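Below is the file protein-v8.txt, which contains compact mmCIF, C-alpha atoms.
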```txt
# COMPACT_ATOMS: atom_id res chain seq x y z
CA MET A 362 72.29 49.53 6.44
CA PHE A 363 73.47 47.80 3.24
CA TYR A 364 73.86 44.42 4.96
CA ARG A 365 70.50 44.77 6.67
CA ASP A 366 68.76 45.52 3.35
CA CYS A 367 70.47 42.53 1.71
CA LEU A 368 69.40 40.29 4.58
CA SER A 369 65.83 41.56 4.40
CA GLN A 370 65.66 40.98 0.66
CA GLY A 371 67.19 37.52 1.06
CA ILE A 372 64.65 36.50 3.69
CA ARG A 373 61.81 37.83 1.57
CA ARG A 374 63.09 35.96 -1.50
CA LEU A 375 63.39 32.74 0.53
CA VAL A 376 59.85 33.07 1.86
CA GLN A 377 58.50 33.73 -1.63
CA GLU A 378 60.28 30.62 -2.95
CA LEU A 379 58.80 28.55 -0.14
CA VAL A 380 55.33 29.84 -0.92
CA VAL A 381 55.67 29.02 -4.61
CA GLU A 382 56.99 25.54 -3.97
CA SER A 383 54.73 24.56 -1.09
CA LEU A 384 50.96 24.89 -1.03
CA SER A 385 50.98 23.76 2.59
CA PHE A 386 53.19 26.73 3.51
CA ALA A 387 50.77 29.06 1.74
CA PHE A 388 47.93 27.53 3.78
CA PHE A 389 49.99 28.06 6.91
CA LEU A 390 50.41 31.75 6.12
CA ILE A 391 46.73 32.17 5.30
CA PHE A 392 45.18 30.36 8.25
CA ALA A 393 47.79 31.30 10.86
CA GLY A 394 47.58 34.92 9.71
CA ALA A 395 43.78 34.75 9.67
CA ALA A 396 43.81 33.40 13.24
CA VAL A 397 46.02 36.29 14.41
CA LEU A 398 43.97 38.99 12.67
CA ALA A 399 40.69 37.34 13.71
CA THR A 400 41.86 37.49 17.33
CA LEU A 401 42.60 41.20 16.95
CA ALA A 402 39.22 41.68 15.24
CA LEU A 403 37.39 40.04 18.14
CA TYR A 404 39.28 42.11 20.73
CA THR A 405 38.49 45.31 18.83
CA ARG A 406 34.89 44.19 18.13
CA GLN A 407 35.25 44.07 14.34
CA PRO A 408 33.62 41.63 11.87
CA LEU A 409 35.78 38.57 11.15
CA LEU A 410 35.28 38.99 7.40
CA MET A 411 37.44 42.11 7.60
CA ALA A 412 40.34 40.07 9.00
CA TYR A 413 40.36 37.75 5.98
CA ILE A 414 40.17 40.58 3.42
CA VAL A 415 42.89 42.63 5.15
CA LEU A 416 45.14 39.57 5.37
CA GLY A 417 44.78 39.04 1.62
CA ALA A 418 45.75 42.63 0.93
CA LEU A 419 48.76 42.39 3.27
CA ILE A 420 50.41 39.15 2.12
CA GLY A 421 48.96 38.88 -1.39
CA PRO A 422 50.77 39.77 -4.62
CA TYR A 423 50.09 43.52 -4.23
CA GLY A 424 51.18 43.58 -0.59
CA PHE A 425 54.26 41.76 0.72
CA ALA A 426 53.84 39.12 -2.04
CA LEU A 427 54.19 36.18 0.36
CA VAL A 428 51.30 34.39 -1.39
CA THR A 429 51.43 34.92 -5.13
CA ASP A 430 49.32 32.19 -6.74
CA VAL A 431 45.95 33.80 -6.05
CA GLY A 432 44.37 32.20 -9.12
CA ALA A 433 44.63 28.72 -7.63
CA LEU A 434 43.18 29.95 -4.34
CA GLN A 435 40.27 31.62 -6.16
CA GLN A 436 39.43 28.34 -7.86
CA MET A 437 39.47 26.57 -4.50
CA ALA A 438 37.42 29.36 -2.93
CA SER A 439 34.67 28.86 -5.54
CA VAL A 440 34.10 25.44 -3.99
CA GLY A 441 33.08 27.22 -0.80
CA ILE A 442 30.38 29.14 -2.66
CA MET A 443 29.07 25.84 -4.08
CA PHE A 444 28.91 24.30 -0.61
CA LEU A 445 27.15 27.41 0.71
CA LEU A 446 24.44 27.10 -1.94
CA PHE A 447 24.23 23.33 -1.40
CA LEU A 448 23.60 23.83 2.32
CA LEU A 449 20.96 26.45 1.54
CA GLY A 450 19.21 23.93 -0.66
CA LEU A 451 19.28 21.35 2.13
CA ASP A 452 17.51 23.86 4.39
CA MET A 453 14.61 24.65 2.04
CA GLN A 454 11.49 22.75 1.07
CA PRO A 455 10.67 22.95 -2.67
CA ALA A 456 7.09 24.12 -2.05
CA ALA A 457 8.28 27.01 0.14
CA LEU A 458 10.84 28.00 -2.48
CA LEU A 459 8.26 28.16 -5.28
CA ALA A 460 5.93 30.27 -3.15
CA VAL A 461 8.61 32.82 -2.27
CA LEU A 462 9.98 32.98 -5.83
CA ARG A 463 6.60 34.19 -7.09
CA LYS A 464 6.65 37.07 -4.63
CA ALA A 465 10.35 37.85 -5.10
CA SER A 466 10.24 38.01 -8.91
CA TRP A 467 8.71 41.50 -9.17
CA VAL A 468 10.89 42.87 -6.37
CA THR A 469 14.00 41.48 -8.09
CA LEU A 470 13.06 42.84 -11.50
CA LEU A 471 12.19 46.37 -10.34
CA SER A 472 15.17 46.67 -7.98
CA SER A 473 17.54 45.44 -10.70
CA LEU A 474 16.39 48.18 -13.07
CA LEU A 475 16.88 50.85 -10.39
CA PHE A 476 20.34 49.61 -9.38
CA PHE A 477 21.42 49.42 -13.02
CA ALA A 478 20.35 53.02 -13.58
CA LEU A 479 22.26 54.09 -10.47
CA GLY A 480 25.51 52.45 -11.59
CA TYR A 481 25.20 53.67 -15.18
CA GLY A 482 24.52 57.27 -14.10
CA VAL A 483 27.41 57.48 -11.62
CA ALA A 484 29.87 55.94 -14.10
CA ALA A 485 28.75 58.43 -16.76
CA LEU A 486 29.30 61.33 -14.35
CA PHE A 487 32.92 60.22 -13.88
CA GLY A 488 33.54 60.14 -17.62
CA PHE A 489 33.61 56.42 -18.36
CA SER A 490 32.72 55.24 -21.87
CA GLY A 491 29.26 53.98 -22.79
CA ARG A 492 30.29 50.32 -22.62
CA GLU A 493 32.01 50.84 -19.30
CA CYS A 494 28.93 52.58 -17.90
CA LEU A 495 26.84 49.63 -19.08
CA VAL A 496 29.09 47.11 -17.33
CA VAL A 497 29.26 49.16 -14.11
CA GLY A 498 25.47 49.37 -14.09
CA LEU A 499 25.13 45.63 -14.59
CA ALA A 500 27.64 44.97 -11.81
CA LEU A 501 25.48 46.87 -9.30
CA ILE A 502 22.36 44.74 -9.84
CA ASN A 503 23.22 41.79 -7.60
CA SER A 504 23.71 41.52 -3.86
CA SER A 505 26.23 39.16 -2.32
CA THR A 506 25.00 35.63 -1.65
CA ILE A 507 27.94 34.99 0.66
CA ILE A 508 27.65 38.17 2.76
CA GLY A 509 23.85 38.04 2.93
CA LEU A 510 23.57 34.42 3.98
CA LYS A 511 26.74 34.04 6.06
CA LEU A 512 25.45 36.82 8.32
CA LEU A 513 21.99 35.27 8.57
CA PRO A 514 21.41 33.16 11.71
CA THR A 515 20.85 29.48 10.97
CA THR A 516 17.61 29.50 12.98
CA VAL A 517 16.26 32.28 10.77
CA LEU A 518 17.40 30.47 7.66
CA HIS A 519 15.66 27.26 8.70
CA HIS A 520 12.42 28.46 10.20
CA LYS A 521 11.67 32.07 9.27
CA HIS A 522 10.02 33.64 6.25
CA MET A 523 12.87 36.16 6.00
CA GLY A 524 15.37 33.40 5.24
CA GLU A 525 13.19 32.04 2.45
CA LEU A 526 12.62 35.53 1.05
CA MET A 527 16.34 36.35 0.97
CA ILE A 528 17.16 33.07 -0.75
CA GLY A 529 14.46 33.73 -3.34
CA LEU A 530 15.77 37.22 -4.08
CA LEU A 531 19.39 36.06 -4.29
CA LEU A 532 18.57 33.11 -6.53
CA LEU A 533 16.67 35.29 -8.99
CA GLN A 534 19.53 37.79 -8.98
CA ASP A 535 21.96 34.95 -9.70
CA PHE A 536 19.90 33.94 -12.75
CA ILE A 537 19.99 37.55 -13.96
CA ALA A 538 23.77 37.56 -13.46
CA LEU A 539 24.02 34.39 -15.52
CA PHE A 540 22.21 36.01 -18.44
CA ILE A 541 24.41 39.10 -18.07
CA LEU A 542 27.51 36.93 -18.44
CA ILE A 543 26.02 35.34 -21.57
CA ALA A 544 25.26 38.80 -23.00
CA LEU A 545 28.82 39.96 -22.30
CA ALA A 546 30.19 36.89 -24.07
CA ALA A 547 27.95 37.67 -27.06
CA MET A 548 29.12 41.31 -27.12
CA ALA A 549 32.73 40.22 -26.99
CA SER A 550 32.29 37.78 -29.89
CA GLY A 551 30.31 40.31 -31.89
CA GLY A 552 27.33 38.03 -32.39
CA ALA A 553 24.30 36.55 -30.72
CA SER A 554 24.63 33.61 -28.39
CA GLY A 555 21.22 32.07 -29.04
CA LEU A 556 22.44 28.48 -28.85
CA MET A 557 23.93 29.08 -25.40
CA LEU A 558 20.71 30.72 -24.22
CA LEU A 559 18.61 27.83 -25.57
CA ARG A 560 20.85 25.35 -23.81
CA ILE A 561 20.33 27.14 -20.48
CA VAL A 562 16.54 27.50 -20.85
CA GLY A 563 16.18 23.85 -21.79
CA GLY A 564 18.87 22.58 -19.45
CA LEU A 565 17.43 23.93 -16.19
CA PRO A 566 14.22 21.83 -16.15
CA LEU A 567 16.14 18.78 -17.38
CA LEU A 568 18.70 19.20 -14.59
CA VAL A 569 15.99 19.58 -11.94
CA LEU A 570 14.06 16.55 -13.20
CA GLY A 571 17.20 14.41 -13.49
CA ALA A 572 18.38 15.37 -9.99
CA TRP A 573 14.95 14.61 -8.49
CA LEU A 574 14.81 11.19 -10.15
CA ALA A 575 18.37 10.37 -9.06
CA VAL A 576 17.61 11.33 -5.46
CA ARG A 577 14.37 9.33 -5.34
CA TYR A 578 15.60 6.14 -6.98
CA LEU A 579 19.33 6.15 -6.14
CA MET A 580 20.44 8.50 -3.35
CA ILE A 581 17.65 7.91 -0.82
CA PRO A 582 17.75 4.08 -1.12
CA LEU A 583 21.53 4.16 -0.61
CA TYR A 584 21.26 6.57 2.33
CA SER A 585 18.61 4.35 3.96
CA ARG A 586 20.62 1.16 3.48
CA PHE A 587 23.97 2.47 4.73
CA ASP A 588 22.91 5.21 7.16
CA ARG A 589 25.10 3.78 9.95
CA PHE A 590 28.28 4.47 7.99
CA HIS A 591 28.81 8.18 8.49
CA GLU A 592 31.93 8.32 6.35
CA TYR A 593 29.96 6.86 3.46
CA LEU A 594 27.19 9.46 3.89
CA PHE A 595 29.81 12.21 3.81
CA LEU A 596 31.45 10.85 0.63
CA MET A 597 28.13 10.34 -1.14
CA THR A 598 27.01 13.86 -0.28
CA ILE A 599 30.21 15.56 -1.47
CA GLY A 600 30.12 13.54 -4.68
CA TRP A 601 26.46 14.38 -5.24
CA CYS A 602 26.96 18.12 -4.70
CA LEU A 603 30.01 18.40 -6.96
CA GLY A 604 28.54 16.05 -9.57
CA VAL A 605 25.34 18.04 -10.06
CA ALA A 606 27.38 21.27 -10.03
CA GLN A 607 29.52 19.97 -12.90
CA LEU A 608 26.46 18.76 -14.79
CA ALA A 609 24.95 22.24 -14.45
CA HIS A 610 28.10 23.66 -16.02
CA VAL A 611 27.60 21.32 -19.01
CA PHE A 612 24.11 22.79 -19.51
CA GLY A 613 25.53 26.33 -19.41
CA LEU A 614 24.31 27.03 -15.88
CA SER A 615 26.54 28.12 -13.01
CA ALA A 616 28.05 25.49 -10.76
CA GLU A 617 26.45 27.30 -7.80
CA THR A 618 22.99 26.79 -9.34
CA GLY A 619 23.72 23.09 -9.73
CA ALA A 620 24.86 22.84 -6.11
CA PHE A 621 21.64 24.49 -4.93
CA ILE A 622 19.55 22.05 -7.01
CA ALA A 623 21.56 19.15 -5.53
CA GLY A 624 20.73 20.41 -2.04
CA ILE A 625 17.05 21.17 -2.48
CA THR A 626 16.33 17.76 -4.05
CA LEU A 627 17.66 16.19 -0.83
CA ALA A 628 15.86 18.61 1.51
CA SER A 629 12.79 16.43 2.06
CA HIS A 630 14.85 13.48 3.35
CA PRO A 631 15.53 13.33 7.13
CA VAL A 632 19.27 12.97 6.48
CA SER A 633 19.41 16.54 5.15
CA GLN A 634 19.77 18.17 8.58
CA TYR A 635 22.55 15.78 9.58
CA LEU A 636 24.39 16.57 6.34
CA ALA A 637 23.92 20.32 6.77
CA LEU A 638 25.38 20.22 10.28
CA ASN A 639 28.46 18.21 9.31
CA LEU A 640 29.32 20.13 6.15
CA ARG A 641 29.51 23.58 7.77
CA PRO A 642 33.22 23.39 8.75
CA LEU A 643 34.12 22.40 5.19
CA ARG A 644 32.13 25.35 3.85
CA ASP A 645 33.83 27.78 6.25
CA PHE A 646 37.28 26.52 5.24
CA PHE A 647 36.70 27.45 1.60
CA LEU A 648 34.91 30.71 2.41
CA ILE A 649 37.97 31.93 4.32
CA LEU A 650 39.95 31.33 1.14
CA PHE A 651 37.31 33.29 -0.82
CA PHE A 652 37.63 36.42 1.30
CA PHE A 653 41.41 36.12 1.40
CA ALA A 654 41.53 35.89 -2.41
CA LEU A 655 39.23 38.91 -2.64
CA GLY A 656 41.64 41.05 -0.65
CA ALA A 657 44.70 39.60 -2.39
CA GLY A 658 43.35 40.33 -5.88
CA PHE A 659 43.03 44.07 -5.38
CA ASP A 660 45.79 46.16 -6.97
CA SER A 661 46.38 49.02 -4.53
CA ARG A 662 48.57 50.83 -7.08
CA LEU A 663 45.43 52.03 -8.88
CA LEU A 664 43.88 53.62 -5.80
CA HIS A 665 44.92 57.14 -6.76
CA SER A 666 42.77 57.04 -9.92
CA ILE A 667 39.74 55.05 -8.72
CA TRP A 668 39.22 55.97 -5.09
CA LEU A 669 36.66 58.73 -5.69
CA PRO A 670 34.25 56.91 -8.09
CA SER A 671 34.58 53.74 -6.02
CA LEU A 672 33.79 55.57 -2.79
CA VAL A 673 30.82 57.40 -4.32
CA LEU A 674 29.42 54.17 -5.78
CA ALA A 675 29.93 52.26 -2.53
CA LEU A 676 28.24 54.90 -0.38
CA LEU A 677 25.31 55.14 -2.78
CA VAL A 678 24.91 51.35 -2.88
CA VAL A 679 24.83 50.92 0.91
CA ALA A 680 22.46 53.92 1.22
CA VAL A 681 20.11 53.24 -1.69
CA LYS A 682 19.77 49.44 -1.74
CA PRO A 683 18.19 49.11 1.73
CA VAL A 684 15.71 51.88 0.92
CA VAL A 685 14.74 50.33 -2.43
CA PHE A 686 14.22 46.88 -0.90
CA ARG A 687 12.30 48.43 2.01
CA LEU A 688 9.88 50.24 -0.32
CA LEU A 689 9.41 47.35 -2.74
CA LEU A 690 8.96 44.67 -0.09
CA ALA A 691 6.52 46.84 1.85
CA ARG A 692 4.54 47.32 -1.36
CA PHE A 693 4.32 43.53 -1.74
CA SER A 694 2.83 42.99 1.74
CA GLU A 695 6.00 42.54 3.83
CA GLY A 696 6.13 44.36 7.17
CA PRO A 697 8.48 47.34 7.64
CA GLY A 698 10.70 45.57 10.18
CA LEU A 699 11.37 42.60 7.92
CA ALA A 700 11.72 44.84 4.85
CA TRP A 701 14.44 46.96 6.52
CA ASP A 702 16.21 43.86 7.81
CA VAL A 703 16.33 42.24 4.36
CA GLY A 704 17.31 45.56 2.77
CA PHE A 705 20.35 46.10 4.98
CA ARG A 706 21.45 42.47 4.64
CA LEU A 707 21.38 42.88 0.85
CA GLY A 708 22.98 46.35 0.89
CA GLN A 709 26.11 45.50 -1.10
CA ILE A 710 27.09 44.31 -4.56
CA SER A 711 27.96 40.73 -5.36
CA GLU A 712 30.79 38.30 -5.99
CA PHE A 713 29.10 38.00 -9.40
CA SER A 714 30.02 41.66 -9.91
CA LEU A 715 33.67 40.66 -9.71
CA LEU A 716 33.08 37.94 -12.29
CA ILE A 717 31.28 40.42 -14.58
CA ALA A 718 34.21 42.85 -14.28
CA PHE A 719 36.74 40.10 -14.95
CA MET A 720 34.92 38.82 -18.05
CA ALA A 721 34.37 42.33 -19.43
CA LEU A 722 38.04 43.21 -18.90
CA ALA A 723 39.26 39.96 -20.48
CA SER A 724 36.97 40.56 -23.47
CA GLY A 725 38.21 44.13 -23.97
CA LEU A 726 34.80 45.65 -23.23
CA ILE A 727 36.13 47.80 -20.37
CA GLY A 728 39.49 49.14 -19.28
CA ARG A 729 41.52 48.16 -16.24
CA GLU A 730 40.47 51.29 -14.37
CA ALA A 731 36.73 50.55 -14.74
CA ALA A 732 37.28 46.91 -13.66
CA HIS A 733 39.08 48.06 -10.52
CA VAL A 734 36.32 50.56 -9.74
CA ILE A 735 33.89 47.61 -9.66
CA GLU A 736 36.28 45.54 -7.53
CA ALA A 737 36.96 48.36 -5.07
CA THR A 738 33.23 49.09 -4.83
CA ALA A 739 32.59 45.41 -4.06
CA ILE A 740 35.16 45.35 -1.27
CA LEU A 741 33.91 48.62 0.24
CA THR A 742 30.27 47.53 0.16
CA PHE A 743 31.19 44.13 1.62
CA VAL A 744 32.93 45.86 4.51
CA ILE A 745 30.37 48.62 5.16
CA SER A 746 27.29 46.39 4.91
CA SER A 747 28.96 43.76 7.12
CA TYR A 748 29.57 46.40 9.78
CA ILE A 749 25.95 47.56 9.60
CA VAL A 750 24.58 44.04 10.01
CA VAL A 751 27.10 42.88 12.62
CA PHE A 752 26.41 45.86 14.89
CA ASN A 753 22.65 46.19 14.37
CA TYR A 754 21.00 42.87 13.43
CA PRO A 755 21.10 39.28 14.72
CA ASN A 756 23.95 37.33 13.11
CA PRO A 757 26.37 34.49 13.94
CA ILE A 758 29.46 36.74 14.36
CA ALA A 759 27.92 39.69 16.22
CA VAL A 760 30.23 41.43 18.65
CA SER A 761 27.30 41.88 21.04
CA GLU A 762 25.97 38.88 22.98
CA LYS A 763 22.49 40.32 22.58
CA LEU A 764 22.67 40.10 18.77
CA ARG A 765 24.67 36.87 18.39
CA ARG A 766 22.54 34.11 16.86
CA ASP A 767 24.04 30.97 15.37
```
With the file now loaded, output its structure as structure tokens.
Amino acid sequence: MFYRDCLSQGIRRLVQELVVESLSFAFFLIFAGAAVLATLALYTRQPLLMAYIVLGALIGPYGFALVTDVGALQQMASVGIMFLLFLLGLDMQPAALLAVLRKASWVTLLSSLLFFALGYGVAALFGFSGRECLVVGLALINSSTIIGLKLLPTTVLHHKHMGELMIGLLLLQDFIALFILIALAAMASGGASGLMLLRIVGGLPLLVLGAWLAVRYLMIPLYSRFDRFHEYLFLMTIGWCLGVAQLAHVFGLSAETGAFIAGITLASHPVSQYLALNLRPLRDFFLILFFFALGAGFDSRLLHSIWLPSLVLALLVVAVKPVVFRLLLARFSEGPGLAWDVGFRLGQISEFSLLIAFMALASGLIGREAAHVIEATAILTFVISSYIVVFNYPNPIAVSEKLRRD
């Protein structure tokens, strides 16, 4: 027994050293493990997203600790979110976006107030402090851009009103999340952040105008002149997406917002559909890392103290959000079928919720327990809402041939 334990510890120490020293070995563990668990998920008719999250929990720092540098993976995974928003921009015409934003604005505002009240009230019932209740309420406002749009069929995204409506709602929620992050930074510093707010309000139109001019007088002429060189088109597109994303960060906007602007300014050019088709594998590569990092970042040692509030919050979110969106969308002239569909697809909290929890914890506004309640609620709502959509609505990873739409 003694020798067996020593051997086991030695093998584990060797594997951990290999992981630390070799990023390629970490990638091997992640993608080989994801392939194995994804195979099991398909045989057992489970959503693939679950495989990536479970893998992160198993081999991450709070599991067997085979992959320990989750911070680096999270930074890489954020690139996947940028590419996701960039591809969404490529699939939308600016005129259609403006039309749907006008309709989505009231739905977003009213639903955000209701979801905030829900989170604040539940947190108060479980005895969290006033600041922690505030942060929990703010974390419940948004729905997940990744879950909502990854489970939306591409044909719906391109050609249906529902795709435009979901993008409008998610974009407006992302802007609200951006202002929440600014407010949290101001609370942490003890003062107003008016200069930062002014930079964002003034920077958004400047970024849109600059991107439109660059596309019209630089990008499109270059695309037209060298359209036979596919490698060049790929390089130009990646550089354009990441460049506008970084410029957005300079203006105080999120990199995801910049990536969306980069995409939508190219949407009217015929090359946009070619680019969207060829960038999907790159997007999926980084999104796998995102869901792995999500599972790996959860500290299971705190489960005994947070499981009940997290479970209550998660069940209320997946039950209340679809109903709220159904009622509000029906009130603003959307049919009941579409309203229910959108409601269930947005029936979770967001990756922005994790960022809100992280910033509030780092700033000392909330305790570690409250931050993990938000994180556990996010994971639970991701899982439950994914199951609901995968088994009941058309999506690219449906386990039923009848519902599978790519």
Env of segment 718-728 of chain A: 7 Å cut, atoms = all atoms listed in the file, seq-sep filter 4 positions within chain, self excluded. Answer as a list of chain:residue names.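 Residues meeting the cut-off are A:Arg492, A:Glu493, A:Leu545, A:Ala549, A:Ser714, A:Ala732, A:Ile735.
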Go ahead and compute the interatomic distance for atom CA of Gly480 of chain A and atom CA of Trp668 of chain A, in Å to one decimal.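 The value is 15.6 Å.
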For segment 482-491 of chain A, please output as an NGL selection string all residues within 9 Å (counting only C-alpha atoms; exclusion window: fewer than 3 positions along the same chain). :A and (477-479 or 494-498 or 670 or 673-674 or 727 or 731)
Which one is closest to Ser633 of chain A: A:His610, A:Val678, A:Ser747, A:Leu449? Count all atoms listed in the file.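 Of A:His610, A:Val678, A:Ser747, A:Leu449, the one nearest Ser633 of chain A, counting all atoms listed in the file, is A:Leu449.
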For Leu445 of chain A, which residue out of A:Leu530, A:Ile507, A:Leu471, A:Val428 is the nearest one, using all atoms listed in the file?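 Answer, going by the shortest atom-to-atom distance: A:Ile507.
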Could you check the closest approach to Phe651 of chain A for each of A:Leu390, A:Ala620, A:Val440, A:Ala418 and tell me which residue wins, using all atoms listed in the file?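 So, comparing all the options, the nearest one is A:Val440.
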Fewer than 5 positions away in the same chain doesn't count, so skip those; otherwise give me all residues within 9 Å of Tyr413 of chain A, counting only C-alpha atoms, as a list in words. Ile391, Gly394, Ala395, Leu398, Ala399, Ala418, Ile649, Leu650, Phe651, Phe652, Phe653, Ala654, Leu655 and Gly656 of chain A
How far is it from atom CA of Trp701 of chain A to atom CA of Glu762 of chain A, in Å with one decimal?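 Separating atom CA of Trp701 of chain A from atom CA of Glu762 of chain A is a distance of 21.7 Å.
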For the atom pair atom CA of Leu643 of chain A and atom CA of Ile581 of chain A, what is the interatomic distance in Å to one decimal place? 22.7 Å
Distance criterion (all atoms listed in the file): nearest to Ser615 of chain A out of A:Leu636, A:Met443, A:Leu690, A:Leu434: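 Among A:Leu636, A:Met443, A:Leu690, A:Leu434, it is A:Met443 that comes nearest to Ser615 of chain A.
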What residues have an atom no more than 12 Å from (29.7, 48.3, 6.4) in the file's own frame, counting all atoms listed in the file, and can you write them as JSON, numbers by chain? {"A": [407, 408, 410, 411, 508, 675, 676, 678, 679, 680, 705, 706, 707, 708, 709, 710, 738, 739, 740, 741, 742, 743, 744, 745, 746, 747, 748, 749, 750, 751, 752, 753]}
Give me the residues within 9 Å of Gly529 of chain A as a PyMOL selection string, counting only C-alpha atoms and dropping any in the same chain fewer than 5 places off. chain A and resi 458-459+461-466+524+534
Within 12 Å of (28.0, 12.6, 0.6), all atoms listed in the file: residues as a PyMOL selection string? chain A and resi 444+447+580-581+583-584+587-588+590-604+623-624+627+632-633+635-637+639-640
Once you have the residues from the selection above, write them out as a tab-separated table (two decimals), in the frame of the given file, restricted to C-alpha atoms.
```tsv
chain	number	residue	atom	x	y	z
A	444	PHE	CA	28.91	24.30	-0.61
A	447	PHE	CA	24.23	23.33	-1.40
A	580	MET	CA	20.44	8.50	-3.35
A	581	ILE	CA	17.65	7.91	-0.82
A	583	LEU	CA	21.53	4.16	-0.61
A	584	TYR	CA	21.26	6.57	2.33
A	587	PHE	CA	23.97	2.47	4.73
A	588	ASP	CA	22.91	5.21	7.16
A	590	PHE	CA	28.28	4.47	7.99
A	591	HIS	CA	28.81	8.18	8.49
A	592	GLU	CA	31.93	8.32	6.35
A	593	TYR	CA	29.96	6.86	3.46
A	594	LEU	CA	27.19	9.46	3.89
A	595	PHE	CA	29.81	12.21	3.81
A	596	LEU	CA	31.45	10.85	0.63
A	597	MET	CA	28.13	10.34	-1.14
A	598	THR	CA	27.01	13.86	-0.28
A	599	ILE	CA	30.21	15.56	-1.47
A	600	GLY	CA	30.12	13.54	-4.68
A	601	TRP	CA	26.46	14.38	-5.24
A	602	CYS	CA	26.96	18.12	-4.70
A	603	LEU	CA	30.01	18.40	-6.96
A	604	GLY	CA	28.54	16.05	-9.57
A	623	ALA	CA	21.56	19.15	-5.53
A	624	GLY	CA	20.73	20.41	-2.04
A	627	LEU	CA	17.66	16.19	-0.83
A	632	VAL	CA	19.27	12.97	6.48
A	633	SER	CA	19.41	16.54	5.15
A	635	TYR	CA	22.55	15.78	9.58
A	636	LEU	CA	24.39	16.57	6.34
A	637	ALA	CA	23.92	20.32	6.77
A	639	ASN	CA	28.46	18.21	9.31
A	640	LEU	CA	29.32	20.13	6.15
```
Could you list, as an mmCIF file with C-alpha atoms, keeping the file's coordinate frame, every residue within 9 Å of Trp573 of chain A, counting only C-alpha atoms and ignoring same-chain residues fewer than 2 positions away?
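Result saved to around.cif:
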```cif
data_model
loop_
_atom_site.group_PDB
_atom_site.id
_atom_site.type_symbol
_atom_site.label_atom_id
_atom_site.label_comp_id
_atom_site.auth_asym_id
_atom_site.auth_seq_id
_atom_site.Cartn_x
_atom_site.Cartn_y
_atom_site.Cartn_z
ATOM 1 C CA LEU A 568 18.700 19.200 -14.590
ATOM 2 C CA VAL A 569 15.990 19.580 -11.940
ATOM 3 C CA LEU A 570 14.060 16.550 -13.200
ATOM 4 C CA GLY A 571 17.200 14.410 -13.490
ATOM 5 C CA ALA A 575 18.370 10.370 -9.060
ATOM 6 C CA VAL A 576 17.610 11.330 -5.460
ATOM 7 C CA ARG A 577 14.370 9.330 -5.340
ATOM 8 C CA TYR A 578 15.600 6.140 -6.980
ATOM 9 C CA ILE A 622 19.550 22.050 -7.010
ATOM 10 C CA ALA A 623 21.560 19.150 -5.530
ATOM 11 C CA THR A 626 16.330 17.760 -4.050
ATOM 12 C CA LEU A 627 17.660 16.190 -0.830
#
```
Centre and edges of the segment 642-650 of chain A box, axis-aligned, 3 Å extra per side, as JSON:
```
{"center_x": 36.0, "center_y": 27.2, "center_z": 4.9, "size_x": 13.8, "size_y": 15.5, "size_z": 13.6}
```
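Take the candidates A:Pro455, A:Gly432, A:Pro514, A:Gly417 and check each one against Arg765 of chain A using all atoms listed in the file; the shortest distance goes to A:Pro514.
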